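**Student:** The following file, structure22.cif, comprises mmCIF, C-alpha atoms:
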```
data_run
#
loop_
_atom_site.label_atom_id
_atom_site.label_comp_id
_atom_site.auth_asym_id
_atom_site.auth_seq_id
_atom_site.Cartn_x
_atom_site.Cartn_y
_atom_site.Cartn_z
CA MET A 179 -33.29 -20.35 1.27
CA LEU A 180 -34.79 -17.34 2.98
CA LEU A 181 -31.44 -15.54 3.15
CA GLN A 182 -30.89 -16.08 -0.55
CA ALA A 183 -34.21 -14.41 -1.29
CA LEU A 184 -33.45 -11.34 0.81
CA PRO A 185 -32.97 -8.17 -1.22
CA GLU A 186 -29.69 -6.29 -1.02
CA LYS A 187 -31.24 -3.58 1.15
CA GLN A 188 -32.61 -6.05 3.70
CA PRO A 189 -29.63 -5.85 6.13
CA ALA A 190 -29.94 -2.06 6.21
CA LEU A 191 -33.70 -2.35 6.80
CA LEU A 192 -33.15 -4.78 9.67
CA THR A 193 -30.67 -2.36 11.19
CA LEU A 194 -33.30 0.37 11.14
CA ILE A 195 -35.87 -1.97 12.71
CA TYR A 196 -33.44 -2.87 15.48
CA ALA A 197 -32.57 0.78 16.12
CA GLY A 198 -36.25 1.73 16.14
CA GLY A 199 -37.14 -1.09 18.53
CA PHE A 200 -34.37 -0.09 20.88
CA ALA A 201 -35.60 3.52 20.85
CA LEU A 202 -39.17 2.38 21.66
CA LEU A 203 -37.90 0.26 24.53
CA VAL A 204 -36.00 3.20 26.01
CA LEU A 205 -39.11 5.38 25.62
CA TRP A 206 -41.26 2.74 27.33
CA LEU A 207 -38.90 2.48 30.28
CA GLY A 208 -38.80 6.26 30.57
CA LEU A 209 -42.60 6.50 30.62
CA SER A 210 -42.79 3.73 33.23
CA LEU A 211 -40.35 5.59 35.44
CA LEU A 212 -42.34 8.81 35.03
CA ARG A 213 -45.61 7.08 35.94
CA ARG A 214 -44.02 5.52 39.02
CA THR A 215 -42.76 8.92 40.13
CA ARG A 216 -46.23 10.45 39.77
CA ARG A 217 -47.81 7.64 41.77
CA SER A 218 -45.45 8.22 44.65
CA ARG A 219 -46.61 11.85 44.76
CA SER A 220 -50.36 11.04 44.70
CA PRO A 221 -52.58 11.45 47.83
CA LEU A 222 -52.73 7.69 48.16
CA GLY A 223 -49.09 7.74 49.04
CA ALA A 224 -49.92 9.50 52.32
CA ILE A 225 -52.28 6.76 53.45
CA ALA A 226 -50.62 4.41 55.88
CA SER A 227 -50.41 0.90 54.55
CA ALA A 228 -51.65 -0.48 57.87
CA ASP A 229 -54.99 1.35 57.41
CA LEU A 230 -55.68 -0.32 54.05
CA PRO A 231 -57.32 -3.68 53.53
CA ASN A 232 -54.96 -6.57 52.78
CA GLU A 233 -56.29 -6.95 49.23
CA VAL A 234 -55.63 -3.27 48.47
CA ARG A 235 -52.19 -3.36 50.05
CA GLN A 236 -51.22 -6.32 47.87
CA ARG A 237 -52.35 -4.51 44.71
CA LEU A 238 -50.82 -1.11 45.56
CA GLY A 239 -47.93 -2.14 47.75
CA VAL A 240 -44.25 -2.01 46.88
CA THR A 241 -43.99 -5.79 46.66
CA SER A 242 -46.17 -6.07 43.57
CA THR A 243 -44.51 -3.08 41.91
CA ASN A 244 -41.00 -4.36 42.58
CA ARG A 245 -41.84 -7.75 41.14
CA GLY A 246 -42.99 -6.19 37.88
CA LEU A 247 -39.96 -3.92 37.59
CA HIS A 248 -37.64 -6.75 38.58
CA ALA A 249 -39.01 -9.02 35.87
CA LEU A 250 -38.90 -6.22 33.31
CA ARG A 251 -35.32 -5.40 34.24
CA TRP A 252 -34.11 -8.96 33.80
CA ALA A 253 -36.00 -9.30 30.54
CA PHE A 254 -34.25 -6.19 29.25
CA VAL A 255 -30.83 -7.41 30.41
CA LEU A 256 -31.38 -10.81 28.78
CA MET A 257 -32.47 -9.22 25.52
CA ALA A 258 -29.53 -6.79 25.55
CA LEU A 259 -27.04 -9.62 26.14
CA THR A 260 -28.62 -11.66 23.35
CA VAL A 261 -28.40 -8.80 20.88
CA PHE A 262 -24.86 -7.95 21.98
CA GLY A 263 -23.73 -11.56 21.62
CA PHE A 264 -25.36 -11.73 18.20
CA HIS A 265 -23.47 -8.66 17.01
CA VAL A 266 -20.16 -9.85 18.48
CA TYR A 267 -20.47 -13.15 16.66
CA TRP A 268 -21.30 -11.64 13.27
CA ALA A 269 -18.77 -8.84 13.58
CA ARG A 270 -15.83 -10.83 14.98
CA TYR A 271 -16.18 -14.49 14.12
CA ALA A 272 -18.67 -15.10 11.32
CA GLU A 273 -16.45 -13.62 8.61
CA ASP A 274 -13.73 -16.19 9.34
CA ARG A 275 -15.71 -19.20 10.58
CA ASN A 276 -19.15 -19.11 9.00
CA GLU A 277 -18.97 -20.17 5.37
CA ARG A 278 -22.59 -19.24 4.77
CA PHE A 279 -21.93 -15.73 6.03
CA GLN A 280 -18.90 -15.45 3.76
CA GLU A 281 -20.98 -16.47 0.75
CA LEU A 282 -23.73 -13.95 1.46
CA SER A 283 -21.83 -11.02 2.96
CA TYR A 284 -21.19 -9.48 -0.45
CA LYS A 285 -24.97 -9.20 -0.94
CA ASP A 286 -25.10 -6.59 1.82
CA LEU A 287 -25.13 -3.38 -0.19
CA ARG A 288 -23.44 -1.43 2.60
CA ASN A 289 -20.55 -3.89 2.67
CA ARG A 290 -20.23 -3.63 -1.08
CA ARG A 291 -20.25 0.16 -0.99
CA LEU A 292 -17.58 0.16 1.72
CA SER A 293 -15.43 -2.32 -0.20
CA GLU A 294 -15.76 -0.34 -3.40
CA SER A 295 -14.63 2.83 -1.62
CA THR A 296 -11.27 1.23 -0.81
CA LEU A 297 -10.60 -0.23 -4.26
CA ARG A 298 -7.56 1.07 -6.07
CA GLY A 299 -7.37 1.59 -9.79
CA TRP A 300 -5.89 -0.95 -12.16
CA ILE A 301 -2.25 -0.54 -13.14
CA LEU A 302 -1.42 -1.13 -16.81
CA ASP A 303 1.88 -1.34 -18.66
CA ARG A 304 2.80 1.04 -21.49
CA SER A 305 0.53 -0.80 -23.95
CA GLY A 306 -2.55 0.16 -21.93
CA SER A 307 -4.06 -3.25 -22.64
CA LEU A 308 -6.38 -4.63 -19.96
CA ASP A 309 -5.24 -8.13 -20.88
CA ARG A 310 -1.72 -7.17 -19.76
CA ALA A 311 -2.77 -5.45 -16.53
CA LEU A 312 -0.05 -5.46 -13.88
CA ALA A 313 -2.39 -4.94 -10.91
CA LEU A 314 -6.11 -5.65 -10.98
CA TYR A 315 -9.01 -7.08 -8.98
CA ARG A 316 -10.57 -10.51 -9.20
CA ARG A 317 -13.72 -11.91 -7.59
CA ASP A 318 -13.65 -15.49 -6.36
CA SER A 319 -16.55 -17.94 -6.28
CA GLY A 320 -17.52 -16.71 -2.82
CA GLY A 321 -17.89 -13.12 -4.00
CA ARG A 322 -14.75 -11.83 -2.27
CA ILE A 323 -12.74 -9.23 -4.17
CA SER A 324 -8.95 -9.38 -3.89
CA ARG A 325 -6.01 -7.54 -5.44
CA ASP A 326 -4.12 -9.66 -7.96
CA TYR A 327 -0.64 -9.20 -9.44
CA PRO A 328 0.00 -11.41 -12.49
CA LEU A 329 3.71 -10.48 -12.35
CA ASP A 330 4.08 -10.63 -8.58
CA ARG A 331 7.84 -10.81 -7.97
CA GLU A 332 8.67 -8.92 -11.15
CA PHE A 333 6.95 -5.76 -9.87
CA ALA A 334 7.11 -6.19 -6.09
CA GLN A 335 9.92 -3.66 -5.69
CA ILE A 336 8.06 -1.10 -7.79
CA PHE A 337 4.55 -1.48 -6.39
CA GLY A 338 5.53 -2.01 -2.76
CA SER A 339 3.19 -3.31 -0.08
CA ASP A 340 1.10 -1.64 2.61
CA ARG A 341 3.99 -2.21 5.02
CA GLY A 342 7.31 -0.40 5.14
CA ASP A 343 8.29 2.31 2.69
CA ALA A 344 5.60 3.39 0.27
CA GLY A 345 5.80 2.01 -3.25
CA LEU A 346 4.06 3.07 -6.44
CA GLU A 347 0.64 1.80 -5.33
CA ARG A 348 0.53 3.87 -2.17
CA ALA A 349 2.00 6.84 -4.03
CA LEU A 350 -0.77 6.65 -6.64
CA PHE A 351 -3.76 5.64 -4.55
CA GLY A 352 -2.82 6.03 -0.90
CA ILE A 353 -4.71 3.96 1.67
CA GLN A 354 -8.34 4.85 1.12
CA SER A 355 -11.15 4.05 3.49
CA GLY A 356 -14.60 5.41 2.82
CA ALA A 357 -17.23 5.78 5.53
CA MET A 358 -19.88 3.10 5.91
CA PRO A 359 -23.05 4.32 4.14
CA GLU A 360 -25.96 5.04 6.46
CA ALA A 361 -28.70 2.41 6.53
CA LEU A 362 -31.37 5.06 5.93
CA ASP A 363 -29.57 6.22 2.78
CA LEU A 364 -29.69 2.73 1.33
CA VAL A 365 -33.32 2.07 2.23
CA LEU A 366 -34.39 5.40 0.71
CA GLU A 367 -32.14 4.72 -2.32
CA ARG A 368 -30.27 7.98 -1.95
CA ASP A 369 -27.31 8.61 -4.23
CA ILE A 370 -24.14 7.72 -2.30
CA LYS A 371 -20.89 8.93 -3.81
CA GLN A 372 -17.72 7.13 -2.82
CA PRO A 373 -14.20 8.25 -3.81
CA ALA A 374 -12.98 6.43 -6.89
CA SER A 375 -9.43 5.69 -8.02
CA LEU A 376 -8.57 6.03 -11.69
CA ASP A 377 -6.51 3.44 -13.52
CA ALA A 378 -2.82 4.20 -14.03
CA ARG A 379 -0.77 3.51 -17.15
CA LEU A 380 2.97 3.10 -16.66
CA THR A 381 5.81 3.61 -19.12
CA ILE A 382 7.19 0.18 -18.22
CA ASP A 383 7.01 -2.56 -20.83
CA ALA A 384 5.89 -5.83 -19.23
CA ALA A 385 7.74 -8.02 -21.74
CA LEU A 386 10.97 -6.07 -21.25
CA GLN A 387 10.54 -6.27 -17.47
CA LYS A 388 10.24 -10.06 -17.64
CA ALA A 389 13.37 -10.25 -19.80
CA VAL A 390 15.31 -8.18 -17.25
CA VAL A 391 14.13 -10.45 -14.43
CA GLU A 392 15.35 -13.48 -16.34
CA GLN A 393 18.79 -11.91 -16.84
CA LEU A 394 19.20 -11.09 -13.14
CA LYS A 395 17.86 -14.37 -11.79
CA GLY A 396 20.11 -15.73 -9.04
CA ARG A 397 22.28 -12.60 -8.91
CA HIS A 398 22.45 -9.46 -6.80
CA GLY A 399 21.94 -6.11 -8.46
CA ALA A 400 19.51 -3.87 -10.30
CA VAL A 401 18.67 -2.96 -13.88
CA VAL A 402 17.04 0.24 -15.11
CA ILE A 403 16.27 0.75 -18.81
CA LEU A 404 15.38 4.26 -19.95
CA ASN A 405 14.28 5.80 -23.21
CA PRO A 406 17.05 8.39 -23.77
CA GLN A 407 14.81 10.56 -25.96
CA THR A 408 11.98 10.89 -23.43
CA GLY A 409 13.42 9.76 -20.10
CA GLU A 410 10.67 7.13 -19.76
CA VAL A 411 11.44 4.18 -17.52
CA LEU A 412 10.97 1.07 -19.65
CA ALA A 413 12.09 -1.47 -17.06
CA MET A 414 13.26 -1.42 -13.45
CA TYR A 415 14.07 -4.46 -11.37
CA SER A 416 16.04 -5.32 -8.26
CA GLU A 417 17.25 -8.79 -7.29
CA PRO A 418 16.74 -10.43 -4.78
CA SER A 419 13.05 -9.59 -4.79
CA TYR A 420 10.02 -10.84 -2.85
CA SER A 421 6.37 -11.75 -3.33
CA LEU A 422 3.61 -9.22 -2.72
CA GLU A 423 1.27 -12.04 -1.79
CA GLU A 424 3.68 -13.47 0.79
CA VAL A 425 4.24 -10.18 2.62
CA GLN A 426 0.55 -9.97 3.46
CA SER A 427 1.63 -12.12 6.39
CA ALA A 428 3.25 -10.10 9.17
CA GLU A 429 5.56 -13.00 10.02
CA THR A 430 6.90 -13.15 6.47
CA TRP A 431 7.45 -9.40 6.44
CA VAL A 432 9.43 -9.49 9.69
CA ARG A 433 11.55 -12.36 8.40
CA LEU A 434 12.36 -10.58 5.13
CA GLU A 435 13.11 -7.31 6.90
CA ALA A 436 15.54 -9.09 9.23
CA ASN A 437 17.44 -10.58 6.28
CA LYS A 438 20.15 -7.92 6.04
CA ARG A 439 22.40 -10.09 3.89
CA GLU A 440 20.00 -10.40 0.95
CA ASN A 441 17.91 -7.27 1.66
CA PRO A 442 15.00 -8.42 -0.54
CA LEU A 443 12.83 -5.49 0.58
CA VAL A 444 15.34 -2.91 -0.68
CA ASN A 445 14.89 -1.64 -4.22
CA ARG A 446 18.52 -1.46 -5.27
CA ALA A 447 17.61 0.70 -8.25
CA LEU A 448 16.33 3.48 -5.97
CA GLY A 449 17.31 2.84 -2.38
CA THR A 450 21.03 1.99 -2.53
CA TYR A 451 24.09 3.98 -3.56
CA TYR A 452 26.68 2.50 -5.93
CA VAL A 453 29.90 3.77 -7.47
CA PRO A 454 28.93 4.47 -11.12
CA GLY A 455 32.06 2.80 -12.52
CA SER A 456 32.47 2.64 -16.29
CA THR A 457 28.98 3.99 -16.94
CA PHE A 458 30.31 7.45 -16.03
CA LYS A 459 32.71 7.30 -18.98
CA THR A 460 29.77 8.40 -21.10
CA VAL A 461 29.59 11.65 -19.12
CA THR A 462 33.35 12.16 -19.56
CA MET A 463 33.11 11.61 -23.31
CA ILE A 464 30.24 14.11 -23.65
CA ALA A 465 32.20 16.65 -21.60
CA ALA A 466 35.20 16.16 -23.91
CA TYR A 467 33.15 16.86 -27.03
CA LEU A 468 31.51 19.90 -25.42
CA ALA A 469 34.98 21.26 -24.59
CA GLY A 470 36.30 20.64 -28.12
CA MET A 471 38.63 17.89 -26.91
CA GLY A 472 36.88 14.97 -28.59
CA SER A 473 39.76 14.43 -31.02
CA ASP A 474 42.51 14.37 -28.37
CA GLU A 475 44.63 11.22 -28.25
CA LEU A 476 46.14 9.99 -24.99
CA VAL A 477 48.63 7.26 -24.11
CA CYS A 478 47.56 4.22 -22.09
CA SER A 479 50.66 2.25 -21.02
CA GLY A 480 51.49 -0.75 -18.91
CA ASN A 481 52.76 1.57 -16.16
CA GLY A 482 49.26 2.83 -15.50
CA TYR A 483 48.21 6.40 -14.80
CA VAL A 484 48.68 8.38 -11.58
CA ALA A 485 46.31 11.34 -11.34
CA GLN A 486 48.41 13.08 -8.68
CA PRO A 487 51.40 12.22 -6.50
CA GLY A 488 50.51 9.60 -3.92
CA ALA A 489 47.30 8.58 -5.65
CA LYS A 490 46.45 4.98 -6.53
CA VAL A 491 47.75 3.81 -9.90
CA ILE A 492 44.93 3.40 -12.43
CA PHE A 493 45.15 0.32 -14.65
CA ASP A 494 42.70 -1.30 -17.00
CA ASP A 495 40.87 -4.50 -16.13
CA GLN A 496 43.78 -6.82 -17.03
CA GLY A 497 46.31 -4.78 -15.09
CA PRO A 498 49.76 -3.91 -16.54
CA SER A 499 49.32 -6.51 -19.27
CA GLU A 500 46.47 -4.55 -20.89
CA VAL A 501 48.09 -1.83 -23.01
CA HIS A 502 46.16 0.24 -25.56
CA GLY A 503 48.88 2.69 -26.55
CA ARG A 504 47.94 6.05 -28.06
CA ILE A 505 44.22 6.05 -28.76
CA GLY A 506 41.36 8.47 -29.36
CA VAL A 507 38.06 8.74 -27.55
CA ASP A 508 36.23 6.42 -29.94
CA THR A 509 38.63 3.53 -29.36
CA ALA A 510 38.84 4.31 -25.64
CA TYR A 511 35.06 4.14 -25.35
CA GLU A 512 34.94 0.90 -27.34
CA VAL A 513 37.47 -0.88 -25.09
CA SER A 514 36.36 1.01 -21.96
CA CYS A 515 39.88 2.22 -21.23
CA ASN A 516 40.23 3.34 -17.62
CA GLN A 517 43.49 5.20 -18.17
CA TYR A 518 42.20 7.26 -21.07
CA PHE A 519 39.07 8.52 -19.33
CA ALA A 520 40.93 9.18 -16.09
CA GLN A 521 43.40 11.39 -17.97
CA MET A 522 40.60 13.09 -19.90
CA ALA A 523 38.65 13.85 -16.70
CA VAL A 524 41.72 15.47 -15.14
CA LYS A 525 42.27 17.59 -18.28
CA LEU A 526 38.64 18.68 -18.33
CA GLY A 527 38.51 19.68 -14.68
CA PRO A 528 35.61 19.51 -12.21
CA GLU A 529 33.59 22.41 -13.67
CA ARG A 530 33.33 20.93 -17.17
CA MET A 531 32.58 17.49 -15.77
CA ALA A 532 29.85 18.89 -13.51
CA HIS A 533 28.32 20.82 -16.42
CA ALA A 534 28.10 17.69 -18.59
CA ALA A 535 26.61 15.69 -15.72
CA LYS A 536 23.92 18.31 -15.08
CA LEU A 537 22.96 18.27 -18.76
CA LEU A 538 22.19 14.57 -18.30
CA GLY A 539 20.16 15.19 -15.15
CA ILE A 540 22.90 13.98 -12.80
CA GLY A 541 23.52 16.13 -9.75
CA ALA A 542 27.09 17.26 -9.18
CA TYR A 543 28.20 18.21 -5.66
CA ASP A 544 31.46 19.25 -4.09
CA THR A 545 30.94 17.51 -0.74
CA PRO A 546 28.96 14.49 0.54
CA GLU A 547 26.98 16.84 2.79
CA GLN A 548 25.64 18.73 -0.22
CA ALA A 549 24.56 15.49 -1.88
CA LEU A 550 22.50 14.50 1.17
CA ARG A 551 20.53 17.74 1.36
#
```
Please express what this file holds, its structure, as structure tokens.
**Tutor:**
Amino acid sequence: MLLQALPEKQPALLTLIYAGGFALLVLWLGLSLLRRTRRSRSPLGAIASADLPNEVRQRLGVTSTNRGLHALRWAFVLMALTVFGFHVYWARYAEDRNERFQELSYKDLRNRRLSESTLRGWILDRSGSLDRALALYRRDSGGRISRDYPLDREFAQIFGSDRGDAGLERALFGIQSGAMPEALDLVLERDIKQPASLDARLTIDAALQKAVVEQLKGRHGAVVILNPQTGEVLAMYSEPSYSLEEVQSAETWVRLEANKRENPLVNRALGTYYVPGSTFKTVTMIAAYLAGMGSDELVCSGNGYVAQPGAKVIFDDQGPSEVHGRIGVDTAYEVSCNQYFAQMAVKLGPERMAHAAKLLGIGAYDTPEQALR
């Protein structure tokens, strides 16, 4: 009951009392040593102990003095060990084993100030609604504050954890750790400013992100949805994924990192290279229109198309049986004709293709070494 009645500044005040008492004890021992040194230099020190009466020798002799210092020394050692053991228990074990300490630790204003200095801002989706927060803080019944992710697996690859490669959270907020406020500052109610993290609002739509996750469930791959007018990322997800809560455990992190077959820690949308495939036909079509070749018709036959002697024959998905004949770019784009766009890319040449790609924000390089710079 007494602990519940203690004010928030009481732990800081007790710290000052302990520090002051320790300083007084050191001062007392120093004065005692100084007095003993002066006594040894007094004229009485030159008097032979054998010439003094027994009663005087017992009062002034080294035996009586040593007994007092010996007792004082052991009292100091015992007190120091008691205080040290007390601090070791509360610093190392009480937080995990003492439920009462866990319930009351948040009432220590210094602990609260230190915890607040490491808090990150909330992360919201594009709506900016607090009810749809993607990363926030919650306080449990014991007063402990913890980071919570309502859409844990859906955003694990984006947010990232405090282990491994940095994700969005560490990019936005870093790993902050403010200094413990001084006890004197709290007792004197001085203004203590701790660094604060502002909330972040993403362009991602939470509902769209959940829909993407549902589409990729049980598969391997990644989905990125952009707003073509603004370039905003509306959704980004990689499957397989993982749980941000689970990777708080070092054992779980090591196990996931060792899983090279599934690679759940790799964000396939950002950290893996893929051949663009048919998606690059859009670039080819844009390049054709820019070059004034958008109305050109090309023949797609069952024999396939060979870009140059010795090259692999290019067929459509159904092989020689898929024949589109003479078609224009609109029909070729509708049926995703491999032969048509391969022929068009050769006619356009690398410079026109590179120009169209750069207009779309896609880097164009002549060698793999240039791409890795």
**Student:** Within 6 Å of segment 327-337 of chain A, counting all atoms listed in the file, which residues show up once you throw out same-chain ones fewer than 2 positions away? Write them as a count of residues only, please.
**Tutor:** 9
**Student:** With a distance cut-off of 8 Å and all atoms listed in the file, select the neighbouring residues of segment 522-527 of chain A, excluding the residue or stretch itself and same-chain residues fewer than 5 positions from it, and output the selection as a list in words.
**Tutor:** Thr462, Ala465, Ala466, Ala469 and Ala485 of chain A
**Student:** What does the distance between atom CA of Leu394 of chain A and atom CA of Thr457 of chain A come to in Å, to one decimal place?
**Tutor:** 18.4 Å
**Student:** As lines of an AutoDock Vina configuration file, please report the centre and edge lengths, rounded to one decimal in Å, of the axis-aligned box that holds all listed atoms of segment 503-516 of chain A with 5 Å of padding on each of the six sides.
**Tutor:**
```
center_x = 41.9
center_y = 3.9
center_z = -23.8
size_x = 23.9
size_y = 19.6
size_z = 22.3
```
**Student:** Which residue is closest to Leu537 of chain A? Choose from A:Ile464, A:Ile505, A:Leu380, A:Val491 and count all atoms listed in the file.
**Tutor:**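 Counting all atoms listed in the file, the residue closest to Leu537 of chain A is A:Ile464.
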**Student:** What would segment 421-434 of chain A look like with N, CA and C atoms restored, written as a PDB file, in the frame of the given file?
**Tutor:**
```pdb
ATOM      1  N   SER A 421       7.720 -11.568  -2.817  1.00  0.00           N
ATOM      2  CA  SER A 421       6.370 -11.750  -3.330  1.00  0.00           C
ATOM      3  C   SER A 421       5.396 -10.843  -2.592  1.00  0.00           C
ATOM      4  N   LEU A 422       4.610 -10.090  -3.340  1.00  0.00           N
ATOM      5  CA  LEU A 422       3.610  -9.220  -2.720  1.00  0.00           C
ATOM      6  C   LEU A 422       2.560 -10.025  -1.966  1.00  0.00           C
ATOM      7  N   GLU A 423       2.263 -11.199  -2.462  1.00  0.00           N
ATOM      8  CA  GLU A 423       1.270 -12.040  -1.790  1.00  0.00           C
ATOM      9  C   GLU A 423       1.815 -12.560  -0.458  1.00  0.00           C
ATOM     10  N   GLU A 424       3.094 -12.916  -0.433  1.00  0.00           N
ATOM     11  CA  GLU A 424       3.680 -13.470   0.790  1.00  0.00           C
ATOM     12  C   GLU A 424       3.769 -12.441   1.908  1.00  0.00           C
ATOM     13  N   VAL A 425       4.049 -11.181   1.572  1.00  0.00           N
ATOM     14  CA  VAL A 425       4.240 -10.180   2.620  1.00  0.00           C
ATOM     15  C   VAL A 425       2.922  -9.686   3.205  1.00  0.00           C
ATOM     16  N   GLN A 426       1.797 -10.253   2.762  1.00  0.00           N
ATOM     17  CA  GLN A 426       0.550  -9.970   3.460  1.00  0.00           C
ATOM     18  C   GLN A 426       0.593 -10.533   4.869  1.00  0.00           C
ATOM     19  N   SER A 427       1.433 -11.541   5.058  1.00  0.00           N
ATOM     20  CA  SER A 427       1.630 -12.120   6.390  1.00  0.00           C
ATOM     21  C   SER A 427       2.671 -11.297   7.142  1.00  0.00           C
ATOM     22  N   ALA A 428       2.326 -10.895   8.360  1.00  0.00           N
ATOM     23  CA  ALA A 428       3.250 -10.100   9.170  1.00  0.00           C
ATOM     24  C   ALA A 428       4.519 -10.881   9.495  1.00  0.00           C
ATOM     25  N   GLU A 429       4.385 -12.184   9.704  1.00  0.00           N
ATOM     26  CA  GLU A 429       5.560 -13.000  10.020  1.00  0.00           C
ATOM     27  C   GLU A 429       6.545 -13.019   8.861  1.00  0.00           C
ATOM     28  N   THR A 430       6.024 -13.153   7.648  1.00  0.00           N
ATOM     29  CA  THR A 430       6.900 -13.150   6.470  1.00  0.00           C
ATOM     30  C   THR A 430       7.594 -11.812   6.317  1.00  0.00           C
ATOM     31  N   TRP A 431       6.859 -10.730   6.557  1.00  0.00           N
ATOM     32  CA  TRP A 431       7.450  -9.400   6.440  1.00  0.00           C
ATOM     33  C   TRP A 431       8.593  -9.214   7.435  1.00  0.00           C
ATOM     34  N   VAL A 432       8.385  -9.622   8.665  1.00  0.00           N
ATOM     35  CA  VAL A 432       9.430  -9.490   9.690  1.00  0.00           C
ATOM     36  C   VAL A 432      10.655 -10.311   9.314  1.00  0.00           C
ATOM     37  N   ARG A 433      10.424 -11.509   8.789  1.00  0.00           N
ATOM     38  CA  ARG A 433      11.550 -12.360   8.400  1.00  0.00           C
ATOM     39  C   ARG A 433      12.350 -11.740   7.254  1.00  0.00           C
ATOM     40  N   LEU A 434      11.665 -11.201   6.256  1.00  0.00           N
ATOM     41  CA  LEU A 434      12.360 -10.580   5.130  1.00  0.00           C
ATOM     42  C   LEU A 434      13.096  -9.311   5.553  1.00  0.00           C
TER      43      LEU A 434
END
```
